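Down below is the structure, laid out as structure tokens.
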Protein chains: 4
Amino acid sequence: MHPNDPVAWPHGARCAVMLAFDFDAETLWLARDPANAKRLGVLSQGTYGAKVGVPRIIETLDEADVPATFFVPGWTAEHHTGRVESILRHGHEVGHHGYLHEWVDPQDPAREEEIFLKGLQALQRTVGVKPLVSRHRSSVGLRWPSKRIAALHRLPIRSVLAARCALRCAPMAARSLRHLIRDATLGYRSPAWEASLNLMALIDKHGLRYDSSLMDQINPYHHVLADGRRGPVELPVHWSLDDAPFALFSVKSPRTIVSNEQILAVWQDEFSEIYRWGGLFSLTMHPQVMGRPSRIALLRAFIAWMRSFPGVWFARGAEIAQAWTDACLSNRGIAP
Amino acid sequence: MHPNDPVAWPHGARCAVMLAFDFDAETLWLARDPANAKRLGVLSQGTYGAKVGVPRIIETLDEADVPATFFVPGWTAEHHTGRVESILRHGHEVGHHGYLHEWVDPQDPAREEEIFLKGLQALQRTVGVKPLVSRHRSSVGLRWPSKRIAALHRLPIRSVLAARCALRCAPMAARSLRHLIRDATLGYRSPAWEASLNLMALIDKHGLRYDSSLMDQINPYHHVLADGRRGPVELPVHWSLDDAPFALFSVKSPRTIVSNEQILAVWQDEFSEIYRWGGLFSLTMHPQVMGRPSRIALLRAFIAWMRSFPGVWFARGAEIAQAWTDACLSNRGIAP
Amino acid sequence: MHPNDPVAWPHGARCAVMLAFDFDAETLWLARDPANAKRLGVLSQGTYGAKVGVPRIIETLDEADVPATFFVPGWTAEHHTGRVESILRHGHEVGHHGYLHEWVDPQDPAREEEIFLKGLQALQRTVGVKPLVSRHRSSVGLRWPSKRIAALHRLPIRSVLAARCALRCAPMAARSLRHLIRDATLGYRSPAWEASLNLMALIDKHGLRYDSSLMDQINPYHHVLADGRRGPVELPVHWSLDDAPFALFSVKSPRTIVSNEQILAVWQDEFSEIYRWGGLFSLTMHPQVMGRPSRIALLRAFIAWMRSFPGVWFARGAEIAQAWTDACLSNRGIAP
Amino acid sequence: MHPNDPVAWPHGARCAVMLAFDFDAETLWLARDPANAKRLGVLSQGTYGAKVGVPRIIETLDEADVPATFFVPGWTAEHHTGRVESILRHGHEVGHHGYLHEWVDPQDPAREEEIFLKGLQALQRTVGVKPLVSRHRSSVGLRWPSKRIAALHRLPIRSVLAARCALRCAPMAARSLRHLIRDATLGYRSPAWEASLNLMALIDKHGLRYDSSLMDQINPYHHVLADGRRGPVELPVHWSLDDAPFALFSVKSPRTIVSNEQILAVWQDEFSEIYRWGGLFSLTMHPQVMGRPSRIALLRAFIAWMRSFPGVWFARGAEIAQAWTDACLSNRGIAP
């Protein structure tokens with residue numbers, strides 16, 4: 001299997017769709033400039049994500065019957081705990097997204113680990129999600145420790161004929177997934193998508209299974225650790241599949257706000273070709289951006305449009321990382 | 001009543017529309033850089049708002065028969081007094097918008113209050129509008145002191161069958177509103193939408209009733225003051241419902257100037273979904289931007305488009321704040 | 001006559017169209033950073049204006065049979081003399097545009113005058129155009145000294161029935177205009193549209209008749225000098241009617257390059273409303289921007305589109321300034 | 001022959017199309033800020049060009065059967081040698097693009113030459129391409145030393161009736177071209193399109209034949225060296241015919257990401273007018289930008305659209321430079 005080959009997704013799906021929401025709330029602005037802590041107007045942009053964005057997005061995902069992944073900084077979990085709980089309650093995955101959306105200097109690995117743990121601990125303390133395994137799991141290797149998540153592969157995917165999504169069609173499996181997801185945080189996304197060589201070792205050491213911060217591929221791949229072992233799965237991202245470059249305005253760095261039509265054009269063109277190739281369509285959104293009224297309408301329309309293609313598998317990050325690992329195991333010799 | 005629930009607008013309207021114009025004139029440029037005072041070319045952009053923008057906008061609102069709110073810095077009232085008088089004469093509301101469009105350091109509350117008062121005093125001295133009550137109105141509570149403004153609730157709203165707007169259909173009520181509006185300034189909008197924790201107390205202390213500077217909601221809400229009392233009503237705003245990010249160019253911070261079609265697309269998508277939710281559509285414009293010939297055509301077209309929906313209530317900020325307060329009173333237990 | 005009223009253009013035209021080209025060539029880049037003098041790549045953007053832009057624009061104007069105004073910095077006249085001569089030879093007007101596209105500090109009026117004269121002298125020395133009158137023309141008042149230019153008012157304007165433009169329909173008048181235009185420079189446009197209070201006095205003192213640098217009106221108006229006399233006519237401009245914000249890219253200040261369709265949409269919307277109002281449509285272009293192949297196609301299409309409206313008068317800056325002055329004389333009491 | 005006249009392309013083609021890819025990979029980011037060497041997220045944007053971009057672009061060019069030119073910095077050839085070999089193997093040309101995408105200070109010609117040679121040597125050491133002649137080729141004059149490349153002129157060009165491209169129709173010639181191209185690097189493109197007066201002498205001295213870095217023409221032209229000899233052919237470029245201004249995002253200098261439709265509109269308008277004039281359509285792309293799924297679809301669509309015009313000659317830089325030189329020789333007296 002060549003890295004650019006079509007991925008063997010579960011159920012023969014051509015394309016996996018990962019809908020990810022970075023629930024930064026106020027941290028997006030606090031991390032840019034600590035003085036923003038006193039700027040109510042600037043902060044209110046982030047607050048919108050919690051007050052309106054998350055409830056409207058959950059409602060929209062519910063109506064469309066698709067699962068999503070929310071990457072949550074520790075600070076957000078502490079200050080908007082109820083919102084993060086409702087994300088979990090609706091069956092979505094919560095991933096790790098730093099503590100205060102810090103962009104840590106890669107020269108300072110001690111600080112990097114400190115922030116990494118601070119975010120993880122906040123997630124555990126507030127909403128009870130934690131990595132699946134302890135640091136000392138040397139024998140675990142590539143497999144996920146839980147049989148429950150492996151069951152996901154047996155879920156039917158949505159097709160033209162089966163318009164209801166997988167999780168609704170297989171309520172038992174969905175229930176166990178939900179149970180797992182309320183317990184575990186399995187993936188990491190770095191704030192502003194910045195990363196260091198050290199980061200992949202940190203992710204591995206602390207029991208997470210995937211990263212979603214880099215732009216060097218369309219398909220997932222495995223990082224290789226310093227000792228040669230396979231590290232976390234990477235679920236790649238890209239600026240053109242992010243809502244912020246299109247619709248996040250900042251008075252200090254003004255940017256054109258574009259129409260739904262123009263965003264849809266870019267996203268549809270990306271989706272169509274990835275679907276043609278057979279790969280992973282990974283879309284990054286922010287409740288404070290995508291939660292605006294017009295963008296909720298965009299989300300609704302775009303999900304409906306993707307669902308009109310046969311063989312599209314809407315899945316959480318953890319499911320996609322697991323599916324990729326399994327596909328690799330059945331194709332030994334794949335380049336990492 | 002949950003904060004994201006449809007608002008119980010007067011007359012059963014689904015959606016309230018607040019057309020607001022920030023009449024900054026030259027202050028927009030003077031506040032950015034005092035050296036602009038000598039730069040005739042830079043300043044002339046602001047002057048346009050007074051010389052052409054305001055008259056053309058008033059004309060367009062008259063033709064469409066809809067009321068608007070103009071937020072006016074004290075300096076503008078001093079230097080373009082005739083224009084502010086004509087705004088009042090045509091039945092529009094004048095709100096408080098600082099003195100010289102200053103962005104006051106939130107660390108300096110004394111300076112914040114000084115500027116706040118300087119702007120208020122300029123409005124009173126030049127065009128005679130002032131807050132409705134003295135500082136010592138402890139017994140007033142939530143209610144508006146004037147019965148005249150309460151009469152607004154009885155105005156019929158425009159519907160598909162009643163194509164003429166409320167104020168024309170109810171000339172007596174309109175006359176009393178106009179009388180009030182020529183006397184009072186009831187709302188505050190901070191320059192550049194910046195705000196501090198102290199600001200809401202200032203607004204309350206000096207007898208204003210609403211703020212329109214924050215982005216954390218679609219619907220109005222009540223601020224809570226330090227002593228636990230309900231503070232001003234917030235009428236939220238957003239960058240995507242502002243003409244400046246789309247059409248205000250600055251040689252020092254160049255920005256793409258977009259076509260009417262693209263602006264219309266964003267605003268229509270926002271309106272359509274807010275209409276669907278049942279809430280407040282709050283649009284911020286600037287005479288120096290929206291007063292350009294092409295944008296006057298946009299304003300005319302966009303108002304006509306919104307009027308084609310049934311149950312849309314075009315109202316001034318003061319009316320919307322009052323309507324929200326009344327809706328809250330009849331739904332005790334609402335979260336602020 | 002109110003400043004916002006329809007202008008009484010010659011021949012009953014509803015709308016005057018001023019096509020202006022700022023022929024900055026390399027000065028656009030030299031003025032931004034003197035170190036650009038060694039940067040062949042940066043400079044080559046400006047060189048394009050001279051090597052390709054001007055010839056292609058002249059060709060396009062010839063085919064459309066419309067006159068234009070080229071504002072030329074002294075440095076450009078010195079380094080691209082042949083190109084400026086060909087502009088004059090094709091019947092277009094040459095205006096004054098500084099020497100090296102300098103943005104002079106308004107605090108330094110001596111330097112302001114020095115640059116002003118340096119540019120004027122370069123134009124005279126290279127292509128022989130000069131102001132019409134000496135500095136001591138106290139008795140001249142408002143009128144143009146030459147009867148030849150006054151003859152322009154008797155030129156028929158292009159209408160739907162008379163598809164050929166004025167100058168071709170009236171060859172005798174056109175000949176005398178061309179003669180005048182090869183002798184005289186009558187208008188000034190400040191580099192980057194920056195100006196000072198002192199500038200209008202300089203323009204008047206040195207015998208120019210109009211300025212085209214400010215954004216505070218749509219219609220022309222007269223500046224008032226310090227001594228109360230009427231100063232130069234202003235022919236206003238605007239960023240949205242400039243090709244640079246849409247299509248001039250700079251590696252140091254990257255900006256979105258937009259399609260012809262989007263530029264056309266903005267310009268057509270501006271034109272349509274100005275035509276409705278009855279005023280001046282003043283379009284600013286740059287040979288290094290508008291001379292690109294795609295933009296030549298845009299210029300051709302846009303001129304053709306404007307010509308499809310009845311009562312459109314395509315004219316040079318000098319003709320428009322004179323027409324405005326005459327309209328004012330026949331409407332005593334107009335606000336300056 | 002006037003510089004703006006239609007070019008006499010081989011086989012009577014109206015328009016030559018040069019598809020160029022600047023294969024910067026990580027150097028684009030390393031050159032902007034050395035600290036990016038530690039920023040895995042930033043670097044991963046460039047890595048994409050090597051991992052996904054180049055293979056997908058080669059595949060798309062193969063399907064369309066058109067040749068292209070890849071400008072490759074020495075560092076890229078060292079770190080992605082296999083990718084550069086596959087470029088050569090598929091019959092595309094490899095040009096010189098500096099070593100680490102440095103923008104050398106034009107004040108420091110010694111450093112300029114050092115970097116120039118470092119890049120050339122890396123190309124030779126890694127993939128074996130080198131300039132065709134030694135430094136001491138005083139007698140060579142204007143002609144290409146190899147008869148093999150001259151044979152390109154006899155290749156039929158693609159027309160509406162002959163839908164397969166030249167190289168496929170003339171396999172023998174194609175084979176010898178490929179042989180040559182695997183041996184030689186003939187053209188230079190400066191990183192960020194910056195250049196100095198010294199650069200053209202360097203290009204000439206080190207045996208390259210063309211430069212492609214300046215924006216002052218549409219058609220090719222010959223540089224004139226300090227000693228009056230004809231220097232390298234220039235194959236001009238432009239920001240509007242570059243994918244980066246439309247689709248390269250950087251977190252430090254955010255820029256609007258536009259849709260395929262908008263890019264296509266700009267490129268088609270440029271092509272249509274250049275085709276009308278008869279000249280060179282030179283398009284610059286980057287594997288890390290154009291290799292995104294949506295942009296591969298754009299490339300496919302745009303090539304197909306250009307191929308629908310009769311008389312379009314898709315050629316590598318070396319062929320175009322040679323064709324221009326020949327056209328000049330048969331039109332003595334042409335301005336350089």
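Going by the structure tokens order, chains are called A, B, ..., each with residues numbered from 1, while ligands are numbered from 1 in the order shown.
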inquiry  = With 8 Å as the limit and counting only C-alpha atoms, what residues in chain C lie close to chain B? Please list them as a PyMOL selection string.
reply    = chain C and resi 4+106-107+193-197+213-218+239-240+245-246+255-256+262-263+265-266+269-274
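Atom to atom, CA of Leu19 in chain B and CA of Met285 in chain B stand 7.7 Å apart.
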Surrounding residues of Ala304 in chain B excluding itself and chain neighbours under 4 positions, 8 Å, only C-alpha atoms, as an mmCIF file with N, CA, C and O atoms, in the first residue's frame:
data_model
loop_
_atom_site.group_PDB
_atom_site.id
_atom_site.type_symbol
_atom_site.label_atom_id
_atom_site.label_comp_id
_atom_site.auth_asym_id
_atom_site.auth_seq_id
_atom_site.Cartn_x
_atom_site.Cartn_y
_atom_site.Cartn_z
ATOM 1 N N ALA B 64 -37.632 53.824 1.934
ATOM 2 C CA ALA B 64 -38.009 52.478 2.372
ATOM 3 C C ALA B 64 -38.943 52.531 3.575
ATOM 4 O O ALA B 64 -39.536 51.530 3.954
ATOM 5 N N ARG B 300 -30.559 49.764 -0.292
ATOM 6 C CA ARG B 300 -31.922 49.774 -0.839
ATOM 7 C C ARG B 300 -32.376 48.353 -1.169
ATOM 8 O O ARG B 300 -33.481 47.924 -0.790
ATOM 9 N N SER B 308 -39.457 41.518 2.268
ATOM 10 C CA SER B 308 -40.283 40.527 1.571
ATOM 11 C C SER B 308 -40.615 39.342 2.486
ATOM 12 O O SER B 308 -41.434 38.499 2.129
#
request  = Excluding range 222-228 of chain C and any residue of its chain fewer than 5 positions from it, enumerate the residues within 12 Å of it, using only C-alpha atoms, and give them as a PyMOL selection string.
outcome  = chain C and resi 3+142+197-205+209-212+214+216-217+233-236+321-322+324-329+334-336
inquiry  = Given only C-alpha atoms as the basis, pick out the residue of B:Arg83, B:Trp103, B:Gly12, B:Asp243 nearest to Leu264 in chain B.
reply    =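 Nearest to Leu264 in chain B: B:Asp243.
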